[in-house]
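Colleague: One structure follows; several queries about it will come next.
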Amino acid sequence: MSGTLRTVIVRLSQAIPVILGVVVVSFVLTRALPGDPAVYFAGMAADENSIAETRTALGLDKPMAQQFLVYAGDVLAGDLGQSLSTGQPVLQDLMTRLPASLELTLTALVLSCLIAIPLGILAATRPGSVADHLCRVLVTAGVSLPTFFTGVVLIYVFYYLLGVAPSPVGRLDFIYIEPDRITGFYLIDAALVGDWETWGAAAKQLILPAITLSLFTLAPLARMTRAAMLSALSSDYIRTARAAGLTESKVLYAYAFRNALLPVVTTLGMVFSFTLGANVLVEKVFAWPGIGSYAVEALVVSDYAAVQGFVLAMALLFVALNLIIDLTYTLIDPRIGFETR
């Protein structure tokens, strides 16, 4: 068995107790939510008999332990339950909304990396320069300005005042038809079928929310890149490489930046994990139909199945992301062996 395959199996086996814990905790916490979903779905004018019938239909009249066993059995069978607020299976809702959140988050992270990493390198190689001060300003602004405020300002300036941005009505304007679903990513699906008009419309809708989110995510990336590069540039092997007569670009990118990539990749994974589940404010401001807004809507009406499905989906994504980060480490630094981890 190869080292890569062994690591994948070990990481997946280590993730099983974590996922089981997430299932238990999410089940218990959703039952602790204020409000009674039976009262909500029976209606404000319902009497006690109607509420009791609704509670029985939802399975909420059973003991907590029995409810959990039923839920765990359904999860093992791939059934996340029925969303009471949408009337659709939770798995179907998640599969519909997850690509929207992933498309927004990944686009924002790409924009962040294109700005934060070069800026962090410049700031580390030129301490006290304009690039260094700009990096500090962007980091401070990124962590200080709420995403909903940034989004509202961008909408006001580029949509209301300048009129160069489309209306914030979701992933596509009303005059366009959604591309045939292949991956769920509008940009990819439209490109695969050659519908470039829809591709352009989807890209325009994506610009402002992606910029809003990237302004928030670039702060930790720029800060970590700067700190990691400063640490790498002060190392003995960098002084040795310079003394050996290597060019500055070779020293900077082949040695310093490669060794600084490990903490940057770790930060990127953490930022992606956090942003995917916490971009609900951006989704609300731009009417983006992602899983963040879906979870909040489910919380408001105490939709147990939808909330539990969201938490489980995020846990699985985190496990997959951590596995990808572990594998990426070995590509960046071969000294990190699979067998020793």
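Residue numbering restarts at 1 for every chain of the structure tokens, chains are lettered A, B, ... in their displayed order, and ligands are numbered from 1 as they appear.
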At a cut-off of 10 Å, can you tabulate as JSON lines every residue of stretch 261-305 of chain A near stretch 18-30 of chain A together with its closest atom pair and the distance in Å to one decimal, using only C-alpha atoms and ordering rows by chain then number?
Modeller:
```
{"residue": "A:Leu299", "atom": "CA", "partner": "A:Thr30", "partner_atom": "CA", "distance": 8.5}
{"residue": "A:Ser302", "atom": "CA", "partner": "A:Thr30", "partner_atom": "CA", "distance": 7.5}
{"residue": "A:Asp303", "atom": "CA", "partner": "A:Thr30", "partner_atom": "CA", "distance": 8.5}
{"residue": "A:Tyr304", "atom": "CA", "partner": "A:Thr30", "partner_atom": "CA", "distance": 5.9}
{"residue": "A:Ala305", "atom": "CA", "partner": "A:Thr30", "partner_atom": "CA", "distance": 8.9}
```
Colleague: Could you name the residues that touch A:Arg171 at 12 Å or less, counting only C-alpha atoms, but leaving out those on the same chain fewer than 3 positions away, as an MDAnalysis selection string?
Modeller: chainID A and resid 97 99:101 103:104 166:168 174:179 184:187 198:210 283 286:290
Colleague: Can you spit out the residues from that selection as a compact mmCIF listing (two decimals), in the first residue's frame, using N, CA and C atoms?
Modeller:
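Result file follows (selection.txt):
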```
# COMPACT_ATOMS: atom_id res chain seq x y z
N ARG A 97 -27.92 24.23 -3.30
CA ARG A 97 -27.37 25.48 -2.78
C ARG A 97 -25.86 25.45 -2.56
N PRO A 99 -23.29 24.39 -4.47
CA PRO A 99 -22.47 24.95 -5.55
C PRO A 99 -22.49 26.48 -5.59
N ALA A 100 -23.61 27.09 -5.23
CA ALA A 100 -23.67 28.56 -5.21
C ALA A 100 -22.70 29.12 -4.19
N SER A 101 -22.67 28.53 -3.00
CA SER A 101 -21.75 29.00 -1.96
C SER A 101 -20.30 28.71 -2.35
N GLU A 103 -19.04 28.41 -5.38
CA GLU A 103 -18.63 29.28 -6.48
C GLU A 103 -18.28 30.66 -5.96
N LEU A 104 -19.09 31.19 -5.05
CA LEU A 104 -18.82 32.49 -4.48
C LEU A 104 -17.55 32.47 -3.63
N PRO A 166 -24.80 44.95 -12.10
CA PRO A 166 -26.19 44.47 -12.19
C PRO A 166 -26.87 44.54 -10.83
N SER A 167 -28.17 44.42 -10.84
CA SER A 167 -28.92 44.47 -9.59
C SER A 167 -28.59 43.24 -8.74
N PRO A 168 -28.50 43.40 -7.43
CA PRO A 168 -28.14 42.28 -6.54
C PRO A 168 -29.33 41.35 -6.30
N PHE A 174 -33.17 38.21 -13.87
CA PHE A 174 -34.42 37.54 -14.23
C PHE A 174 -34.57 37.29 -15.73
N ILE A 175 -33.86 38.03 -16.56
CA ILE A 175 -34.03 37.89 -18.01
C ILE A 175 -33.24 36.71 -18.57
N TYR A 176 -32.42 36.08 -17.73
CA TYR A 176 -31.61 34.95 -18.19
C TYR A 176 -32.15 33.64 -17.62
N ILE A 177 -31.92 32.57 -18.37
CA ILE A 177 -32.32 31.24 -17.94
C ILE A 177 -31.10 30.51 -17.39
N GLU A 178 -31.28 29.80 -16.31
CA GLU A 178 -30.17 29.06 -15.71
C GLU A 178 -29.60 28.06 -16.72
N PRO A 179 -28.28 27.93 -16.76
CA PRO A 179 -27.67 26.93 -17.67
C PRO A 179 -28.03 25.52 -17.23
N GLY A 184 -23.41 22.51 -11.25
CA GLY A 184 -24.04 23.43 -10.31
C GLY A 184 -23.34 24.78 -10.27
N PHE A 185 -22.12 24.86 -10.82
CA PHE A 185 -21.41 26.12 -10.92
C PHE A 185 -21.83 26.79 -12.23
N TYR A 186 -22.47 27.95 -12.15
CA TYR A 186 -23.00 28.59 -13.35
C TYR A 186 -21.91 28.90 -14.36
N LEU A 187 -20.75 29.37 -13.89
CA LEU A 187 -19.69 29.72 -14.82
C LEU A 187 -19.18 28.49 -15.57
N THR A 198 -24.87 33.82 -21.11
CA THR A 198 -25.23 33.49 -19.73
C THR A 198 -24.00 33.50 -18.85
N TRP A 199 -22.86 33.04 -19.39
CA TRP A 199 -21.62 33.06 -18.62
C TRP A 199 -21.26 34.48 -18.21
N GLY A 200 -21.37 35.40 -19.16
CA GLY A 200 -21.06 36.80 -18.85
C GLY A 200 -22.01 37.38 -17.82
N ALA A 201 -23.31 37.03 -17.93
CA ALA A 201 -24.28 37.53 -16.96
C ALA A 201 -24.00 36.97 -15.57
N ALA A 202 -23.66 35.68 -15.50
CA ALA A 202 -23.34 35.07 -14.20
C ALA A 202 -22.07 35.68 -13.60
N ALA A 203 -21.08 35.96 -14.45
CA ALA A 203 -19.84 36.56 -13.97
C ALA A 203 -20.09 37.96 -13.42
N LYS A 204 -20.95 38.72 -14.09
CA LYS A 204 -21.26 40.07 -13.60
C LYS A 204 -21.96 40.02 -12.24
N GLN A 205 -22.87 39.07 -12.09
CA GLN A 205 -23.57 38.94 -10.80
C GLN A 205 -22.61 38.52 -9.69
N LEU A 206 -21.54 37.84 -10.07
CA LEU A 206 -20.61 37.30 -9.09
C LEU A 206 -19.57 38.32 -8.63
N ILE A 207 -19.34 39.36 -9.42
CA ILE A 207 -18.23 40.27 -9.15
C ILE A 207 -18.35 40.96 -7.80
N LEU A 208 -19.47 41.64 -7.54
CA LEU A 208 -19.59 42.42 -6.30
C LEU A 208 -19.59 41.54 -5.05
N PRO A 209 -20.38 40.46 -4.99
CA PRO A 209 -20.29 39.64 -3.78
C PRO A 209 -18.92 39.01 -3.58
N ALA A 210 -18.24 38.64 -4.68
CA ALA A 210 -16.90 38.06 -4.54
C ALA A 210 -15.91 39.09 -4.04
N GLU A 283 -24.45 36.65 1.45
CA GLU A 283 -25.53 36.00 0.71
C GLU A 283 -26.85 36.74 0.90
N PHE A 286 -26.77 40.18 -1.11
CA PHE A 286 -26.85 40.03 -2.57
C PHE A 286 -27.88 39.00 -3.01
N ALA A 287 -28.75 38.58 -2.08
CA ALA A 287 -29.80 37.59 -2.38
C ALA A 287 -29.20 36.34 -3.02
N TRP A 288 -28.06 35.91 -2.51
CA TRP A 288 -27.34 34.77 -3.07
C TRP A 288 -27.89 33.48 -2.46
N PRO A 289 -28.35 32.55 -3.26
CA PRO A 289 -29.02 31.34 -2.72
C PRO A 289 -28.03 30.27 -2.28
N GLY A 290 -27.24 30.55 -1.24
CA GLY A 290 -26.24 29.62 -0.76
C GLY A 290 -26.71 28.87 0.47
```
Colleague: Got a sec: who's within 7 Å of A:Val280, counting only C-alpha atoms, leaving out chain neighbours fewer than 2 positions off, as a VMD selection string?
Modeller: chain A and resid 278 282 to 284 292 to 293
Colleague: Those residues you just picked out, can you put them in a file as a compact mmCIF listing (two decimals), in the first residue's frame with N, CA, C and O atoms?
Modeller:
```txt
# COMPACT_ATOMS: atom_id res chain seq x y z
N ALA A 278 -19.74 31.01 6.99
CA ALA A 278 -20.03 32.29 7.64
C ALA A 278 -20.28 33.42 6.65
O ALA A 278 -20.28 34.59 7.04
N VAL A 282 -23.13 38.14 3.38
CA VAL A 282 -22.94 38.47 1.97
C VAL A 282 -24.07 37.87 1.14
O VAL A 282 -24.60 38.51 0.22
N GLU A 283 -24.45 36.65 1.45
CA GLU A 283 -25.53 36.00 0.71
C GLU A 283 -26.85 36.74 0.90
O GLU A 283 -27.65 36.87 -0.04
N LYS A 284 -27.09 37.24 2.09
CA LYS A 284 -28.32 37.98 2.34
C LYS A 284 -28.33 39.32 1.62
O LYS A 284 -29.34 39.73 1.04
N GLY A 292 -25.45 29.14 3.48
CA GLY A 292 -25.45 29.97 4.68
C GLY A 292 -26.83 30.57 4.94
O GLY A 292 -27.35 30.47 6.06
N SER A 293 -27.41 31.17 3.92
CA SER A 293 -28.76 31.72 4.07
C SER A 293 -29.79 30.61 4.29
O SER A 293 -30.77 30.79 5.02
```
Colleague: With a distance cut-off of 12 Å and only C-alpha atoms, select the neighbouring residues of A:Gly269, excluding the residue or stretch itself and same-chain residues fewer than 3 positions from it, and output the selection as a list of chain:residue names.
Modeller: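 So, after excluding close chain neighbours, the residues are A:Thr105, A:Leu106, A:Leu109, A:Thr217, A:Pro220, A:Leu221, A:Leu262, A:Pro263, A:Val264, A:Val265, A:Thr266, A:Phe272, A:Ser273, A:Phe274, A:Thr275, A:Leu276, A:Leu317, A:Phe318, A:Val319, A:Ala320, A:Leu321, A:Asn322, A:Leu323, A:Ile324, A:Ile325, A:Asp326, A:Thr328, A:Tyr329.
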Colleague: Within 7 Å of stretch 128-134 of chain A, counting only C-alpha atoms, which residues show up once you throw out same-chain ones fewer than 5 positions away? Write them as an MDAnalysis selection string, please.
Modeller: chainID A and resid 119 122:123
Colleague: Please return as a PyMOL selection string: the residues of stretch 78-281 of chain A that backbone DSSP assigns to helix (DSSP H, G or I).
Modeller: chain A and resi 90-125+130-144+147-161+186-192+196-233+236-243+248-278+280-281
Colleague: Take the residues just selected and output them with C-alpha atoms as a compact mmCIF listing (two decimals), in the first residue's frame.
Modeller:
```txt
# COMPACT_ATOMS: atom_id res chain seq x y z
CA VAL A 90 -32.62 18.28 2.73
CA LEU A 91 -30.02 16.50 0.60
CA GLN A 92 -31.59 17.95 -2.54
CA ASP A 93 -31.63 21.44 -1.03
CA LEU A 94 -27.97 21.16 -0.04
CA MET A 95 -26.92 19.85 -3.45
CA THR A 96 -28.74 22.77 -5.06
CA ARG A 97 -27.37 25.48 -2.78
CA LEU A 98 -23.86 24.21 -2.04
CA PRO A 99 -22.47 24.95 -5.55
CA ALA A 100 -23.67 28.56 -5.21
CA SER A 101 -21.75 29.00 -1.96
CA LEU A 102 -18.69 27.18 -3.30
CA GLU A 103 -18.63 29.28 -6.48
CA LEU A 104 -18.82 32.49 -4.48
CA THR A 105 -16.28 31.41 -1.85
CA LEU A 106 -13.73 29.99 -4.31
CA THR A 107 -13.94 33.07 -6.53
CA ALA A 108 -13.41 35.32 -3.50
CA LEU A 109 -10.43 33.23 -2.36
CA VAL A 110 -8.84 33.37 -5.81
CA LEU A 111 -9.18 37.16 -5.81
CA SER A 112 -7.77 37.28 -2.28
CA CYS A 113 -4.75 35.16 -3.19
CA LEU A 114 -4.02 37.23 -6.29
CA ILE A 115 -3.85 40.35 -4.12
CA ALA A 116 -2.78 39.15 -0.66
CA ILE A 117 0.14 36.86 -1.55
CA PRO A 118 2.04 39.28 -3.85
CA LEU A 119 1.30 42.12 -1.42
CA GLY A 120 2.56 40.07 1.53
CA ILE A 121 5.75 39.21 -0.34
CA LEU A 122 6.35 42.87 -1.25
CA ALA A 123 5.68 43.96 2.32
CA ALA A 124 8.16 41.40 3.67
CA THR A 125 10.91 42.23 1.19
CA VAL A 130 4.50 51.90 0.57
CA ALA A 131 3.65 48.23 -0.06
CA ASP A 132 4.23 47.43 3.60
CA HIS A 133 1.98 50.26 4.77
CA LEU A 134 -0.65 49.30 2.18
CA CYS A 135 -0.58 45.73 3.48
CA ARG A 136 -1.16 46.97 7.03
CA VAL A 137 -4.05 49.18 5.90
CA LEU A 138 -5.75 46.38 3.97
CA VAL A 139 -5.32 43.95 6.86
CA THR A 140 -6.80 46.44 9.32
CA ALA A 141 -9.67 47.36 7.01
CA GLY A 142 -10.38 43.74 6.16
CA VAL A 143 -10.80 42.66 9.76
CA SER A 144 -12.55 45.87 10.86
CA THR A 147 -18.95 42.28 5.25
CA PHE A 148 -22.56 43.47 5.10
CA PHE A 149 -21.38 47.10 5.33
CA THR A 150 -18.83 46.58 2.55
CA GLY A 151 -21.46 44.90 0.41
CA VAL A 152 -24.01 47.67 0.90
CA VAL A 153 -21.40 50.33 0.06
CA LEU A 154 -20.36 48.51 -3.12
CA ILE A 155 -24.00 48.15 -4.18
CA TYR A 156 -24.66 51.84 -3.50
CA VAL A 157 -21.62 53.01 -5.45
CA PHE A 158 -21.48 50.63 -8.40
CA TYR A 159 -25.18 49.80 -8.84
CA TYR A 160 -27.05 52.85 -7.59
CA LEU A 161 -24.65 55.73 -8.33
CA TYR A 186 -23.00 28.59 -13.35
CA LEU A 187 -19.69 29.72 -14.82
CA ILE A 188 -18.56 26.16 -15.51
CA ASP A 189 -21.94 24.92 -16.74
CA ALA A 190 -22.43 27.87 -19.10
CA ALA A 191 -18.88 27.44 -20.45
CA LEU A 192 -19.35 23.70 -21.01
CA TRP A 196 -21.20 32.73 -23.23
CA GLU A 197 -24.00 35.26 -22.87
CA THR A 198 -25.23 33.49 -19.73
CA TRP A 199 -21.62 33.06 -18.62
CA GLY A 200 -21.06 36.80 -18.85
CA ALA A 201 -24.28 37.53 -16.96
CA ALA A 202 -23.34 35.07 -14.20
CA ALA A 203 -19.84 36.56 -13.97
CA LYS A 204 -21.26 40.07 -13.60
CA GLN A 205 -23.57 38.94 -10.80
CA LEU A 206 -20.61 37.30 -9.09
CA ILE A 207 -18.23 40.27 -9.15
CA LEU A 208 -19.59 42.42 -6.30
CA PRO A 209 -20.29 39.64 -3.78
CA ALA A 210 -16.90 38.06 -4.54
CA ILE A 211 -15.11 41.38 -4.03
CA THR A 212 -17.03 41.90 -0.78
CA LEU A 213 -15.97 38.52 0.52
CA SER A 214 -12.41 38.81 -0.76
CA LEU A 215 -11.88 42.09 1.11
CA PHE A 216 -12.57 40.14 4.28
CA THR A 217 -10.54 37.03 3.42
CA LEU A 218 -7.42 38.77 2.08
CA ALA A 219 -6.61 40.23 5.52
CA PRO A 220 -5.45 36.99 7.21
CA LEU A 221 -3.79 35.78 4.00
CA ALA A 222 -1.75 38.97 3.55
CA ARG A 223 -0.80 39.06 7.21
CA MET A 224 0.31 35.41 7.26
CA THR A 225 2.22 35.74 3.96
CA ARG A 226 4.09 38.76 5.28
CA ALA A 227 4.92 37.08 8.60
CA ALA A 228 5.97 33.79 6.98
CA MET A 229 8.16 35.54 4.42
CA LEU A 230 9.84 37.67 7.09
CA SER A 231 10.61 34.52 9.06
CA ALA A 232 11.92 32.70 5.99
CA LEU A 233 14.08 35.61 4.80
CA ASP A 236 20.24 30.71 7.82
CA TYR A 237 19.57 28.89 4.56
CA ILE A 238 18.59 32.17 2.89
CA ARG A 239 21.85 33.79 3.99
CA THR A 240 23.69 30.74 2.71
CA ALA A 241 21.90 30.89 -0.65
CA ARG A 242 22.76 34.56 -1.05
CA ALA A 243 26.37 33.93 -0.07
CA GLU A 248 17.63 37.37 -5.66
CA SER A 249 14.61 36.04 -7.55
CA LYS A 250 15.89 32.47 -7.12
CA VAL A 251 16.40 33.02 -3.40
CA LEU A 252 13.08 34.74 -2.96
CA TYR A 253 10.76 32.40 -4.85
CA ALA A 254 12.55 29.04 -5.00
CA TYR A 255 13.63 28.99 -1.35
CA ALA A 256 11.95 31.62 0.85
CA PHE A 257 8.48 31.58 -0.68
CA ARG A 258 8.33 27.80 -0.95
CA ASN A 259 9.14 27.41 2.75
CA ALA A 260 6.70 30.19 3.64
CA LEU A 261 3.90 28.43 1.76
CA LEU A 262 3.13 25.92 4.53
CA PRO A 263 1.60 28.41 7.01
CA VAL A 264 -0.06 30.26 4.13
CA VAL A 265 -1.76 27.06 2.93
CA THR A 266 -2.88 26.32 6.49
CA THR A 267 -4.35 29.82 6.78
CA LEU A 268 -5.99 29.48 3.38
CA GLY A 269 -7.68 26.25 4.49
CA MET A 270 -8.90 27.84 7.71
CA VAL A 271 -10.19 30.90 5.87
CA PHE A 272 -12.00 28.74 3.33
CA SER A 273 -13.62 26.64 6.05
CA PHE A 274 -14.74 29.69 7.99
CA THR A 275 -15.90 31.67 4.98
CA LEU A 276 -17.98 28.88 3.46
CA GLY A 277 -20.17 28.66 6.54
CA ALA A 278 -20.03 32.29 7.64
CA VAL A 280 -24.43 34.36 5.21
CA LEU A 281 -24.34 38.18 5.49
```
Colleague: Hey, can you check how far atom CA of A:Val311 sits from atom CA of A:Leu172?
Modeller: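 Atom-to-atom, atom CA of A:Val311 to atom CA of A:Leu172, that is 27.2 Å.
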Colleague: Which one is closest to A:Leu60: A:Leu12, A:Gln88, A:Arg31, A:Ala165? Count only C-alpha atoms.
Modeller: A:Arg31
Colleague: Could you tell me how far atom CA of A:Ile291 lies from atom CA of A:Ser85, in Å and to one decimal?
Modeller: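 Those two atoms sit 14.0 Å apart.
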